[in-house]
file data_37.txt (compact mmCIF, C-alpha atoms)
# COMPACT_ATOMS: atom_id res chain seq x y z
CA MET L 1 0.00 0.00 0.00
CA ALA L 2 2.86 2.38 0.84
CA TRP L 3 4.50 1.59 -2.45
CA ALA L 4 1.29 2.31 -4.42
CA ARG L 5 0.74 5.58 -2.58
CA ARG L 6 4.30 6.68 -3.31
CA LEU L 7 3.94 5.81 -6.99
CA THR L 8 0.73 7.84 -7.18
CA MET L 9 2.36 10.91 -5.66
CA VAL L 10 5.33 10.67 -8.04
CA GLY L 11 2.98 10.41 -11.01
CA ALA L 12 0.94 13.40 -9.87
CA GLY L 13 4.12 15.46 -9.41
CA ALA L 14 5.34 14.51 -12.86
CA VAL L 15 2.03 15.59 -14.41
CA LEU L 16 2.16 18.91 -12.53
CA VAL L 17 5.72 19.63 -13.63
CA GLY L 18 4.87 18.69 -17.22
CA GLY L 19 1.88 21.07 -17.20
CA LEU L 20 4.01 23.92 -15.90
CA VAL L 21 6.69 23.29 -18.51
CA TRP L 22 4.08 23.22 -21.30
CA ALA L 23 2.42 26.42 -20.07
CA LEU L 24 5.70 28.35 -19.81
CA TRP L 25 7.26 27.05 -23.00
CA PRO L 26 7.69 29.98 -25.53
CA GLN L 27 5.24 29.80 -28.42
CA PRO L 28 6.29 30.61 -32.01
CA ALA L 29 5.00 33.99 -33.31
CA ALA L 30 2.57 33.82 -36.22
CA VAL L 31 3.84 36.00 -39.08
CA ASP L 32 3.08 36.44 -42.75
CA LEU L 33 5.89 35.91 -45.16
CA ALA L 34 6.51 38.36 -47.93
CA GLN L 35 9.31 39.00 -50.34
CA VAL L 36 11.47 42.07 -49.81
CA SER L 37 11.73 43.99 -53.08
CA ARG L 38 13.07 47.29 -54.35
CA GLY L 39 10.85 49.78 -56.14
CA PRO L 40 9.71 53.39 -56.29
CA MET L 41 8.31 55.13 -53.20
CA GLN L 42 6.60 58.48 -52.65
CA VAL L 43 6.31 60.36 -49.36
CA THR L 44 3.06 62.36 -49.25
CA ILE L 45 0.98 64.54 -46.94
CA ALA L 46 -2.81 64.22 -47.08
CA ALA L 47 -5.04 67.13 -46.09
CA GLU L 48 -8.53 68.39 -46.76
CA GLY L 49 -9.11 71.57 -48.70
CA ILE L 50 -11.74 73.60 -50.52
CA THR L 51 -12.02 75.03 -54.00
CA ARG L 52 -12.61 78.71 -54.69
CA VAL L 53 -12.73 80.98 -57.70
CA ARG L 54 -9.29 82.33 -58.51
CA GLU L 55 -10.41 85.87 -59.40
CA PRO L 56 -13.85 86.75 -57.95
CA TYR L 57 -15.37 90.15 -58.70
CA ALA L 58 -17.13 91.95 -55.84
CA ILE L 59 -19.80 94.36 -57.09
CA ALA L 60 -20.47 97.36 -54.82
CA ALA L 61 -22.88 100.29 -55.06
CA PRO L 62 -21.10 103.25 -56.71
CA ILE L 63 -23.64 105.74 -55.31
CA SER L 64 -26.16 105.94 -52.49
CA GLY L 65 -29.78 105.29 -53.39
CA MET L 66 -32.50 102.66 -53.58
CA VAL L 67 -31.44 99.40 -55.24
CA GLU L 68 -34.20 97.50 -57.02
CA ARG L 69 -34.90 93.80 -56.52
CA SER L 70 -32.02 91.79 -57.95
CA PRO L 71 -32.54 90.92 -61.64
CA VAL L 72 -30.17 87.93 -61.30
CA HIS L 73 -29.96 84.95 -58.94
CA VAL L 74 -27.14 82.81 -57.63
CA GLY L 75 -25.90 80.49 -60.36
CA ASP L 76 -27.07 82.63 -63.28
CA PRO L 77 -24.53 83.11 -66.09
CA VAL L 78 -23.50 86.70 -66.87
CA VAL L 79 -21.88 88.23 -69.93
CA GLU L 80 -19.35 91.04 -69.73
CA GLY L 81 -20.84 94.41 -70.62
CA GLU L 82 -24.32 92.98 -71.33
CA THR L 83 -25.93 91.45 -68.24
CA VAL L 84 -27.51 93.94 -65.81
CA LEU L 85 -26.48 92.99 -62.28
CA ALA L 86 -28.25 95.73 -60.31
CA VAL L 87 -30.32 98.90 -60.81
CA ILE L 88 -30.00 101.83 -58.38
CA ARG L 89 -32.51 104.69 -58.30
CA PRO L 90 -32.30 107.95 -56.34
CA ALA L 91 -33.35 107.60 -52.73
CA GLU L 92 -36.81 108.85 -51.71
CA PRO L 93 -37.11 112.03 -49.59
CA GLY L 94 -36.97 111.38 -45.88
CA LEU L 95 -39.94 111.93 -43.57
CA MET L 96 -40.08 115.24 -41.66
CA ASP L 97 -41.14 115.68 -38.05
CA ALA L 98 -43.41 118.53 -36.90
CA ARG L 99 -40.57 120.88 -36.05
CA SER L 100 -38.74 120.31 -39.34
CA ARG L 101 -41.92 120.84 -41.35
CA ALA L 102 -42.72 124.07 -39.48
CA GLN L 103 -39.21 125.34 -40.16
CA ALA L 104 -39.50 124.41 -43.85
CA GLU L 105 -42.85 126.19 -44.17
CA ALA L 106 -41.44 129.29 -42.47
CA ALA L 107 -38.52 129.23 -44.90
CA VAL L 108 -40.99 129.17 -47.81
CA THR L 109 -42.85 132.19 -46.39
CA GLU L 110 -39.57 134.02 -45.91
CA ALA L 111 -38.49 133.27 -49.47
CA GLU L 112 -41.84 134.44 -50.87
CA ALA L 113 -41.51 137.77 -49.04
CA ALA L 114 -37.95 138.22 -50.26
CA LEU L 115 -39.07 137.49 -53.83
CA ALA L 116 -41.89 140.05 -53.56
CA LEU L 117 -39.39 142.66 -52.33
CA SER L 118 -37.03 141.88 -55.21
CA GLU L 119 -39.92 142.25 -57.67
CA THR L 120 -40.66 145.74 -56.26
CA ASN L 121 -37.01 146.72 -56.54
CA PHE L 122 -36.94 145.44 -60.11
CA ARG L 123 -39.95 147.54 -61.13
CA ARG L 124 -38.39 150.57 -59.42
CA ALA L 125 -35.19 150.01 -61.38
CA VAL L 126 -37.15 149.76 -64.65
CA SER L 127 -38.89 153.07 -63.89
CA GLY L 128 -35.61 154.70 -62.94
CA LEU L 129 -33.98 153.59 -66.18
CA SER L 130 -36.91 154.98 -68.21
CA ASN L 131 -36.59 158.38 -66.49
CA ALA L 132 -32.82 158.38 -66.94
CA GLN L 133 -33.20 157.68 -70.65
CA ILE L 134 -35.70 160.57 -71.11
CA ALA L 135 -33.40 162.91 -69.19
CA LEU L 136 -30.45 161.86 -71.33
CA GLU L 137 -32.31 162.50 -74.60
CA ARG L 138 -33.41 165.96 -73.33
CA ALA L 139 -29.87 166.85 -72.23
CA ARG L 140 -28.42 165.85 -75.57
CA ALA L 141 -30.94 168.03 -77.43
CA LEU L 142 -30.32 171.04 -75.20
CA ALA L 143 -26.56 170.58 -75.39
CA ALA L 144 -26.76 170.54 -79.19
CA ALA L 145 -28.69 173.84 -79.11
CA GLY L 146 -26.15 175.29 -76.67
CA THR L 147 -28.71 175.79 -73.93
CA ILE L 148 -26.92 173.69 -71.25
CA SER L 149 -23.29 173.08 -70.56
CA GLN L 150 -21.27 170.03 -71.49
CA ARG L 151 -21.03 169.08 -67.80
CA ALA L 152 -24.85 168.82 -67.54
CA ARG L 153 -24.94 166.47 -70.55
CA GLU L 154 -22.24 164.27 -69.00
CA ASP L 155 -24.20 164.11 -65.74
CA ALA L 156 -27.27 162.92 -67.65
CA GLU L 157 -25.22 160.18 -69.37
CA HIS L 158 -23.80 159.07 -66.00
CA GLY L 159 -27.32 158.89 -64.52
CA PHE L 160 -28.45 156.69 -67.42
CA THR L 161 -25.50 154.32 -66.93
CA ALA L 162 -26.18 154.05 -63.20
CA ALA L 163 -29.86 153.32 -63.83
CA SER L 164 -28.90 150.55 -66.28
CA GLN L 165 -26.62 148.90 -63.70
CA ALA L 166 -29.30 149.19 -61.03
CA LEU L 167 -31.76 147.41 -63.33
CA ALA L 168 -29.28 144.58 -63.94
CA ALA L 169 -28.69 144.22 -60.19
CA ALA L 170 -32.45 144.18 -59.49
CA ARG L 171 -32.95 141.51 -62.16
CA SER L 172 -30.20 139.30 -60.60
CA GLU L 173 -31.66 139.80 -57.14
CA ARG L 174 -35.09 138.72 -58.40
CA ASP L 175 -33.62 135.54 -59.97
CA LEU L 176 -31.72 134.79 -56.75
CA GLN L 177 -34.82 135.10 -54.58
CA SER L 178 -36.81 132.99 -57.04
CA ALA L 179 -34.24 130.16 -56.76
CA THR L 180 -34.27 130.48 -52.97
CA LEU L 181 -38.04 130.07 -52.96
CA ALA L 182 -37.79 126.97 -55.19
CA ARG L 183 -35.21 125.44 -52.83
CA ALA L 184 -37.41 126.14 -49.80
CA ARG L 185 -40.43 124.57 -51.48
CA ALA L 186 -38.37 121.50 -52.44
CA GLN L 187 -37.90 120.75 -48.73
CA LEU L 188 -41.65 120.09 -48.48
CA LEU L 189 -41.85 117.65 -51.38
CA THR L 190 -42.69 113.98 -50.67
CA SER L 191 -42.32 110.75 -52.63
CA ALA L 192 -45.86 111.27 -54.01
CA ASP L 193 -44.56 114.31 -55.87
CA PHE L 194 -42.07 112.10 -57.79
CA PRO L 195 -44.10 109.37 -59.54
CA ASP L 196 -41.18 108.67 -61.87
CA SER L 197 -38.00 110.28 -60.69
CA GLY L 198 -35.87 108.66 -63.44
CA GLY L 199 -32.12 108.78 -63.34
CA ALA L 200 -31.72 105.04 -62.64
CA LEU L 201 -28.16 103.65 -62.78
CA SER L 202 -27.72 100.17 -64.26
CA ILE L 203 -24.62 98.20 -63.23
CA LEU L 204 -23.35 95.86 -65.97
CA ALA L 205 -21.22 92.75 -65.47
CA PRO L 206 -17.49 93.64 -65.50
CA HIS L 207 -16.54 90.07 -66.45
CA SER L 208 -18.21 86.99 -67.86
CA GLY L 209 -18.88 84.18 -65.42
CA THR L 210 -21.47 83.07 -62.87
CA VAL L 211 -23.21 84.80 -59.97
CA LEU L 212 -21.59 83.40 -56.82
CA ASN L 213 -23.59 85.14 -54.08
CA ILE L 214 -26.00 88.02 -53.59
CA ALA L 215 -26.08 90.16 -50.45
CA ASP L 216 -29.88 90.59 -50.57
CA LEU L 217 -32.42 89.87 -53.30
CA SER L 218 -34.95 92.43 -52.05
CA SER L 219 -35.12 96.12 -52.85
CA ARG L 220 -33.48 98.24 -50.15
CA PRO L 221 -31.63 101.52 -49.58
CA VAL L 222 -27.86 101.30 -49.94
CA VAL L 223 -24.95 103.63 -49.36
CA ALA L 224 -21.99 104.10 -51.65
CA GLY L 225 -19.60 101.17 -51.28
CA ALA L 226 -22.19 98.68 -49.97
CA ALA L 227 -21.65 95.12 -51.25
CA LEU L 228 -24.31 93.94 -53.70
CA LEU L 229 -23.10 90.61 -55.15
CA SER L 230 -20.04 88.80 -56.45
CA ILE L 231 -19.36 86.97 -59.71
CA GLY L 232 -16.60 84.69 -60.95
CA ASP L 233 -15.61 82.12 -63.54
CA LEU L 234 -16.23 78.59 -62.21
CA ARG L 235 -13.87 77.18 -64.81
CA ASP L 236 -10.94 79.02 -63.25
CA LEU L 237 -10.59 77.49 -59.79
CA GLU L 238 -7.87 77.08 -57.21
CA ILE L 239 -7.52 74.90 -54.12
CA GLU L 240 -6.97 76.24 -50.62
CA ILE L 241 -5.44 73.92 -48.00
CA ASP L 242 -4.46 74.62 -44.39
CA LEU L 243 -1.47 72.54 -43.24
CA LEU L 244 0.21 72.29 -39.88
CA SER L 245 3.29 74.50 -39.85
CA SER L 246 5.45 71.43 -39.14
CA ASP L 247 4.17 69.84 -42.36
CA ALA L 248 4.17 73.01 -44.44
CA VAL L 249 7.94 73.51 -44.04
CA ARG L 250 8.47 70.30 -45.99
CA VAL L 251 6.37 71.42 -48.95
CA GLU L 252 7.90 73.38 -51.80
CA VAL L 253 6.41 75.60 -54.48
CA ASP L 254 5.66 73.74 -57.74
CA ALA L 255 5.38 70.46 -55.85
CA PRO L 256 2.88 68.07 -57.54
CA ALA L 257 -0.28 66.94 -55.76
CA LEU L 258 -3.16 64.53 -56.35
CA VAL L 259 -6.76 65.49 -55.63
CA GLU L 260 -9.01 62.70 -54.37
CA ARG L 261 -12.52 62.34 -52.95
CA TRP L 262 -13.80 65.40 -54.81
CA GLY L 263 -16.98 63.63 -55.94
CA GLY L 264 -15.72 61.98 -59.10
CA ASP L 265 -14.10 58.63 -59.80
CA ASN L 266 -10.89 59.95 -61.33
CA VAL L 267 -7.92 61.50 -59.55
CA LEU L 268 -7.13 65.10 -60.47
CA GLU L 269 -3.67 66.57 -60.74
CA ALA L 270 -2.59 69.87 -59.18
CA VAL L 271 0.55 71.82 -58.34
CA VAL L 272 1.45 74.07 -55.40
CA ARG L 273 1.40 77.70 -56.60
CA ARG L 274 1.81 79.70 -53.40
CA ILE L 275 2.72 79.11 -49.76
CA GLU L 276 1.70 82.01 -47.57
CA PRO L 277 4.61 83.26 -45.44
CA ALA L 278 2.59 83.88 -42.26
CA ALA L 279 0.91 81.24 -40.12
CA PHE L 280 -2.37 81.63 -38.22
CA THR L 281 -3.83 80.00 -35.13
CA ARG L 282 -6.75 77.61 -35.35
CA VAL L 283 -8.41 75.67 -32.55
CA SER L 284 -8.90 72.01 -33.41
CA ALA L 285 -11.97 69.93 -32.58
CA LEU L 286 -10.17 68.76 -29.44
CA GLY L 287 -9.64 72.35 -28.26
CA ILE L 288 -5.93 72.43 -29.11
CA GLU L 289 -4.45 75.56 -30.65
CA GLU L 290 -2.60 74.73 -33.86
CA GLN L 291 -0.35 76.86 -36.03
CA ARG L 292 -1.36 76.41 -39.64
CA VAL L 293 -0.12 77.73 -42.97
CA ARG L 294 -2.35 78.28 -46.00
CA LEU L 295 -1.33 76.73 -49.33
CA VAL L 296 -2.83 77.54 -52.73
CA LEU L 297 -2.81 74.90 -55.46
CA ASP L 298 -3.71 75.11 -59.14
CA PHE L 299 -5.37 72.43 -61.23
CA THR L 300 -3.15 71.29 -64.09
CA GLN L 301 -6.02 69.78 -66.09
CA GLY L 302 -8.90 71.42 -67.89
CA ALA L 303 -12.29 72.15 -66.37
CA GLU L 304 -13.88 69.30 -68.34
CA THR L 305 -12.07 66.77 -66.10
CA ARG L 306 -13.81 68.01 -62.93
CA PRO L 307 -17.52 68.48 -63.68
CA GLY L 308 -19.46 69.98 -60.78
CA VAL L 309 -16.43 71.17 -58.81
CA GLY L 310 -17.08 74.65 -57.48
CA ARG L 311 -20.91 74.48 -57.39
CA PRO L 312 -21.00 75.20 -54.51
CA VAL L 313 -17.56 75.43 -52.87
CA SER L 314 -16.34 71.83 -52.96
CA ARG L 315 -14.46 70.05 -50.20
CA LEU L 316 -11.83 67.60 -51.33
CA CYS L 317 -8.72 65.74 -50.23
CA ALA L 318 -5.33 66.67 -51.66
CA ARG L 319 -2.23 64.52 -51.35
CA GLY L 320 1.00 66.47 -51.80
CA HIS L 321 4.28 64.80 -52.74
CA LEU L 322 7.20 65.50 -50.41
CA ALA L 323 9.83 63.07 -51.71
CA LYS L 324 10.25 60.44 -54.40
CA ARG L 325 12.75 57.56 -54.55
CA ARG L 326 13.27 55.17 -57.42
CA ARG L 327 14.72 52.12 -55.60
CA VAL L 328 13.70 51.59 -52.00
CA ALA L 329 13.57 48.25 -50.17
CA SER L 330 9.98 47.55 -49.21
CA ALA L 331 7.95 44.75 -47.66
CA ALA L 332 4.47 44.27 -46.29
CA GLU L 333 4.12 45.73 -42.80
CA ARG L 334 2.43 42.61 -41.48
CA ALA L 335 5.45 40.55 -42.57
CA VAL L 336 7.99 42.60 -40.58
CA SER L 337 8.89 41.00 -37.26
CA ALA L 338 10.43 42.53 -34.16
CA CYS L 339 14.15 42.06 -33.74
CA GLY L 340 15.76 43.21 -30.52
CA GLY L 341 12.81 45.43 -29.72
CA LEU L 342 12.92 47.19 -33.11
CA GLY L 343 11.06 46.32 -36.27
CA GLY L 344 13.16 45.84 -39.30
CA ILE L 345 13.77 44.06 -42.54
CA PRO L 346 16.94 42.26 -43.57
CA ARG L 347 19.48 44.23 -45.59
CA ASP L 348 21.37 43.06 -48.64
call {"tool": "encode", "arguments": {"input": "data_37.txt", "output": "structure tokens"}}
result
Amino acid sequence: MAWARRLTMVGAGAVLVGGLVWALWPQPAAVDLAQVSRGPMQVTIAAEGITRVREPYAIAAPISGMVERSPVHVGDPVVEGETVLAVIRPAEPGLMDARSRAQAEAAVTEAEAALALSETNFRRAVSGLSNAQIALERARALAAAGTISQRAREDAEHGFTAASQALAAARSERDLQSATLARARAQLLTSADFPDSGGALSILAPHSGTVLNIADLSSRPVVAGAALLSIGDLRDLEIEIDLLSSDAVRVEVDAPALVERWGGDNVLEAVVRRIEPAAFTRVSALGIEEQRVRLVLDFTQGAETRPGVGRPVSRLCARGHLAKRRRVASAAERAVSACGGLGGIPRD
């Protein structure tokens, strides 16, 4: 019995030791095998961007007045020098309060009295000139007969000249007071007194293209310089991309780029035209402030290769090329195993 019990304990110990050895024995790592080859490689940076018209035209009101309801709508084609973009008419007279109206009416009464006085002075001047002319004719006749002296005839001629100048002054004063009365009465005019004021200014398209946006379709008063609408050529587009400053320093002007996910199946080609020298701060979705640099890219293909881009502003993905190598050793990432804590592939 003792021998059987001892044999059982030895067997149980052997099974326990075998289980521990099996559990702690290192297992082979499962890897995929792939052939290491040499071929071309491109280093790229992918970023989202938007398209915009390269040269938009902002149309502003050249004068203050009342702009009529817009004759065009967003998306309408326009022709240079033919399409009417906006019509501006003179503004209507403003409303007057009780005090302003009383002052305007008093000004009219004052101007009427001044005109009446100028009319009286004018008639007096006409009468004076008539008397001066009669006196001059009498003096000339008497001087010819030798009845009066030469000095008396000269005095009569001087009186006639002075009466003529007085008549001219009275006539000018009457015209002045008449204009003053017309100006005073104009202050009391309302919009009902101008059924058709005329003098409308039509703004024609400065360039052929498409209406991009309109500030307001409705008729409204505007001041000189107020924005009305903008137009541009949708066939002449550029791409605007904001890159992190750490990525932008690796991009060069004239670097090629590929445009993907713009809505079509094909991949468009572009080139970096401008890299703005100053960065700006933007807060990311995670609330982190990032320094970004704006890049401008140009399409290198015609507008027929990108139908629909730009209507409206399109969002796309651009992939810029940073470096290109002809022969680089490459292998599938899943086939690279760890060696000494570092991943690597065998060298030649």
call {"tool": "residues_around", "arguments": {"input": "data_37.txt", "residues": "range 52-69 of chain L", "least_positions_apart": "2", "cutoff": "7 Å", "atoms": "only C-alpha atoms", "output": "mmCIF file with C-alpha atoms, in the frame of the given file"}}
result
data_model
loop_
_atom_site.group_PDB
_atom_site.id
_atom_site.type_symbol
_atom_site.label_atom_id
_atom_site.label_comp_id
_atom_site.auth_asym_id
_atom_site.auth_seq_id
_atom_site.Cartn_x
_atom_site.Cartn_y
_atom_site.Cartn_z
ATOM 1 C CA ILE L 50 -11.740 73.600 -50.520
ATOM 2 C CA PRO L 71 -32.540 90.920 -61.640
ATOM 3 C CA VAL L 87 -30.320 98.900 -60.810
ATOM 4 C CA ILE L 88 -30.000 101.830 -58.380
ATOM 5 C CA ARG L 89 -32.510 104.690 -58.300
ATOM 6 C CA PRO L 90 -32.300 107.950 -56.340
ATOM 7 C CA ALA L 91 -33.350 107.600 -52.730
ATOM 8 C CA LEU L 217 -32.420 89.870 -53.300
ATOM 9 C CA SER L 218 -34.950 92.430 -52.050
ATOM 10 C CA SER L 219 -35.120 96.120 -52.850
ATOM 11 C CA ARG L 220 -33.480 98.240 -50.150
ATOM 12 C CA PRO L 221 -31.630 101.520 -49.580
ATOM 13 C CA VAL L 222 -27.860 101.300 -49.940
ATOM 14 C CA VAL L 223 -24.950 103.630 -49.360
ATOM 15 C CA ALA L 224 -21.990 104.100 -51.650
ATOM 16 C CA GLY L 225 -19.600 101.170 -51.280
ATOM 17 C CA ALA L 226 -22.190 98.680 -49.970
ATOM 18 C CA ALA L 227 -21.650 95.120 -51.250
ATOM 19 C CA LEU L 228 -24.310 93.940 -53.700
ATOM 20 C CA LEU L 229 -23.100 90.610 -55.150
ATOM 21 C CA SER L 230 -20.040 88.800 -56.450
ATOM 22 C CA ILE L 231 -19.360 86.970 -59.710
ATOM 23 C CA GLY L 232 -16.600 84.690 -60.950
ATOM 24 C CA ASP L 233 -15.610 82.120 -63.540
ATOM 25 C CA LEU L 234 -16.230 78.590 -62.210
ATOM 26 C CA ASP L 236 -10.940 79.020 -63.250
ATOM 27 C CA LEU L 237 -10.590 77.490 -59.790
ATOM 28 C CA GLU L 238 -7.870 77.080 -57.210
ATOM 29 C CA ILE L 239 -7.520 74.900 -54.120
ATOM 30 C CA GLY L 310 -17.080 74.650 -57.480
ATOM 31 C CA VAL L 313 -17.560 75.430 -52.870
#
call {"tool": "closest_residue", "arguments": {"input": "data_37.txt", "among": "L:Leu188, L:Leu16, L:Ala278, L:Ala270", "to": "Ala104 in chain L", "atoms": "all atoms listed in the file"}}
result
L:Leu188
call {"tool": "closest_residue", "arguments": {"input": "data_37.txt", "among": "L:Val272, L:Val126, L:Ile241, L:Ala111", "to": "Ala257 in chain L", "atoms": "only C-alpha atoms"}}
result
L:Val272
call {"tool": "closest_residue", "arguments": {"input": "data_37.txt", "among": "L:Ser208, L:Thr281, L:Arg101, L:Leu24", "to": "Leu189 in chain L", "atoms": "only C-alpha atoms"}}
result
L:Arg101
call {"tool": "residues_around", "arguments": {"input": "data_37.txt", "residues": "Gly75 in chain L", "least_positions_apart": "3", "cutoff": "10 Å", "atoms": "only C-alpha atoms", "output": "mmCIF file with C-alpha atoms, keeping the file's coordinate frame"}}
result
data_model
loop_
_atom_site.group_PDB
_atom_site.id
_atom_site.type_symbol
_atom_site.label_atom_id
_atom_site.label_comp_id
_atom_site.auth_asym_id
_atom_site.auth_seq_id
_atom_site.Cartn_x
_atom_site.Cartn_y
_atom_site.Cartn_z
ATOM 1 C CA VAL L 72 -30.170 87.930 -61.300
ATOM 2 C CA VAL L 78 -23.500 86.700 -66.870
ATOM 3 C CA GLY L 209 -18.880 84.180 -65.420
ATOM 4 C CA THR L 210 -21.470 83.070 -62.870
ATOM 5 C CA VAL L 211 -23.210 84.800 -59.970
ATOM 6 C CA LEU L 212 -21.590 83.400 -56.820
ATOM 7 C CA ASN L 213 -23.590 85.140 -54.080
ATOM 8 C CA ILE L 231 -19.360 86.970 -59.710
ATOM 9 C CA ARG L 311 -20.910 74.480 -57.390
ATOM 10 C CA PRO L 312 -21.000 75.200 -54.510
#
call {"tool": "closest_residue", "arguments": {"input": "data_37.txt", "among": "L:Ser100, L:Ser127, L:Thr51, L:Thr180", "to": "Glu240 in chain L", "atoms": "all atoms listed in the file"}}
result
L:Thr51
call {"tool": "atom_distance", "arguments": {"input": "data_37.txt", "atom1": "CA of Arg171 in chain L", "atom2": "CA of His158 in chain L"}}
result
20.2 Å
call {"tool": "residues_around", "arguments": {"input": "data_37.txt", "residues": "Ala186 in chain L", "least_positions_apart": "4", "cutoff": "10 Å", "atoms": "all atoms listed in the file", "output": "PyMOL selection string"}}
result
chain L and resi 93+104+108+180-182+190
call {"tool": "closest_residue", "arguments": {"input": "data_37.txt", "among": "L:Asp97, L:Glu48, L:Glu82, L:Glu137", "to": "Glu157 in chain L", "atoms": "all atoms listed in the file"}}
result
L:Glu137
call {"tool": "atom_distance", "arguments": {"input": "data_37.txt", "atom1": "CA of Val283 in chain L", "atom2": "CA of Ala46 in chain L"}}
result
19.3 Å
call {"tool": "atom_distance", "arguments": {"input": "data_37.txt", "atom1": "CA of Glu252 in chain L", "atom2": "CA of Ile275 in chain L"}}
result
8.0 Å
call {"tool": "residues_around", "arguments": {"input": "data_37.txt", "residues": "Ala132 in chain L", "least_positions_apart": "5", "cutoff": "12 Å", "atoms": "all atoms listed in the file", "output": "JSON, numbers by chain"}}
result
{"L": [125, 126, 127, 137, 138, 139, 153, 155, 156, 157, 158, 159, 160, 161, 162, 163, 164, 165, 166, 167]}
call {"tool": "write_last_selection", "arguments": {"input": "data_37.txt", "atoms": "C-alpha atoms", "output": "tab-separated table (two decimals), keeping the file's coordinate frame"}}
result
chain	number	residue	atom	x	y	z
L	125	ALA	CA	-35.19	150.01	-61.38
L	126	VAL	CA	-37.15	149.76	-64.65
L	127	SER	CA	-38.89	153.07	-63.89
L	137	GLU	CA	-32.31	162.50	-74.60
L	138	ARG	CA	-33.41	165.96	-73.33
L	139	ALA	CA	-29.87	166.85	-72.23
L	153	ARG	CA	-24.94	166.47	-70.55
L	155	ASP	CA	-24.20	164.11	-65.74
L	156	ALA	CA	-27.27	162.92	-67.65
L	157	GLU	CA	-25.22	160.18	-69.37
L	158	HIS	CA	-23.80	159.07	-66.00
L	159	GLY	CA	-27.32	158.89	-64.52
L	160	PHE	CA	-28.45	156.69	-67.42
L	161	THR	CA	-25.50	154.32	-66.93
L	162	ALA	CA	-26.18	154.05	-63.20
L	163	ALA	CA	-29.86	153.32	-63.83
L	164	SER	CA	-28.90	150.55	-66.28
L	165	GLN	CA	-26.62	148.90	-63.70
L	166	ALA	CA	-29.30	149.19	-61.03
L	167	LEU	CA	-31.76	147.41	-63.33
call {"tool": "closest_residue", "arguments": {"input": "data_37.txt", "among": "L:Leu286, L:Leu268, L:Leu20, L:Leu201", "to": "Gly302 in chain L", "atoms": "all atoms listed in the file"}}
result
L:Leu268
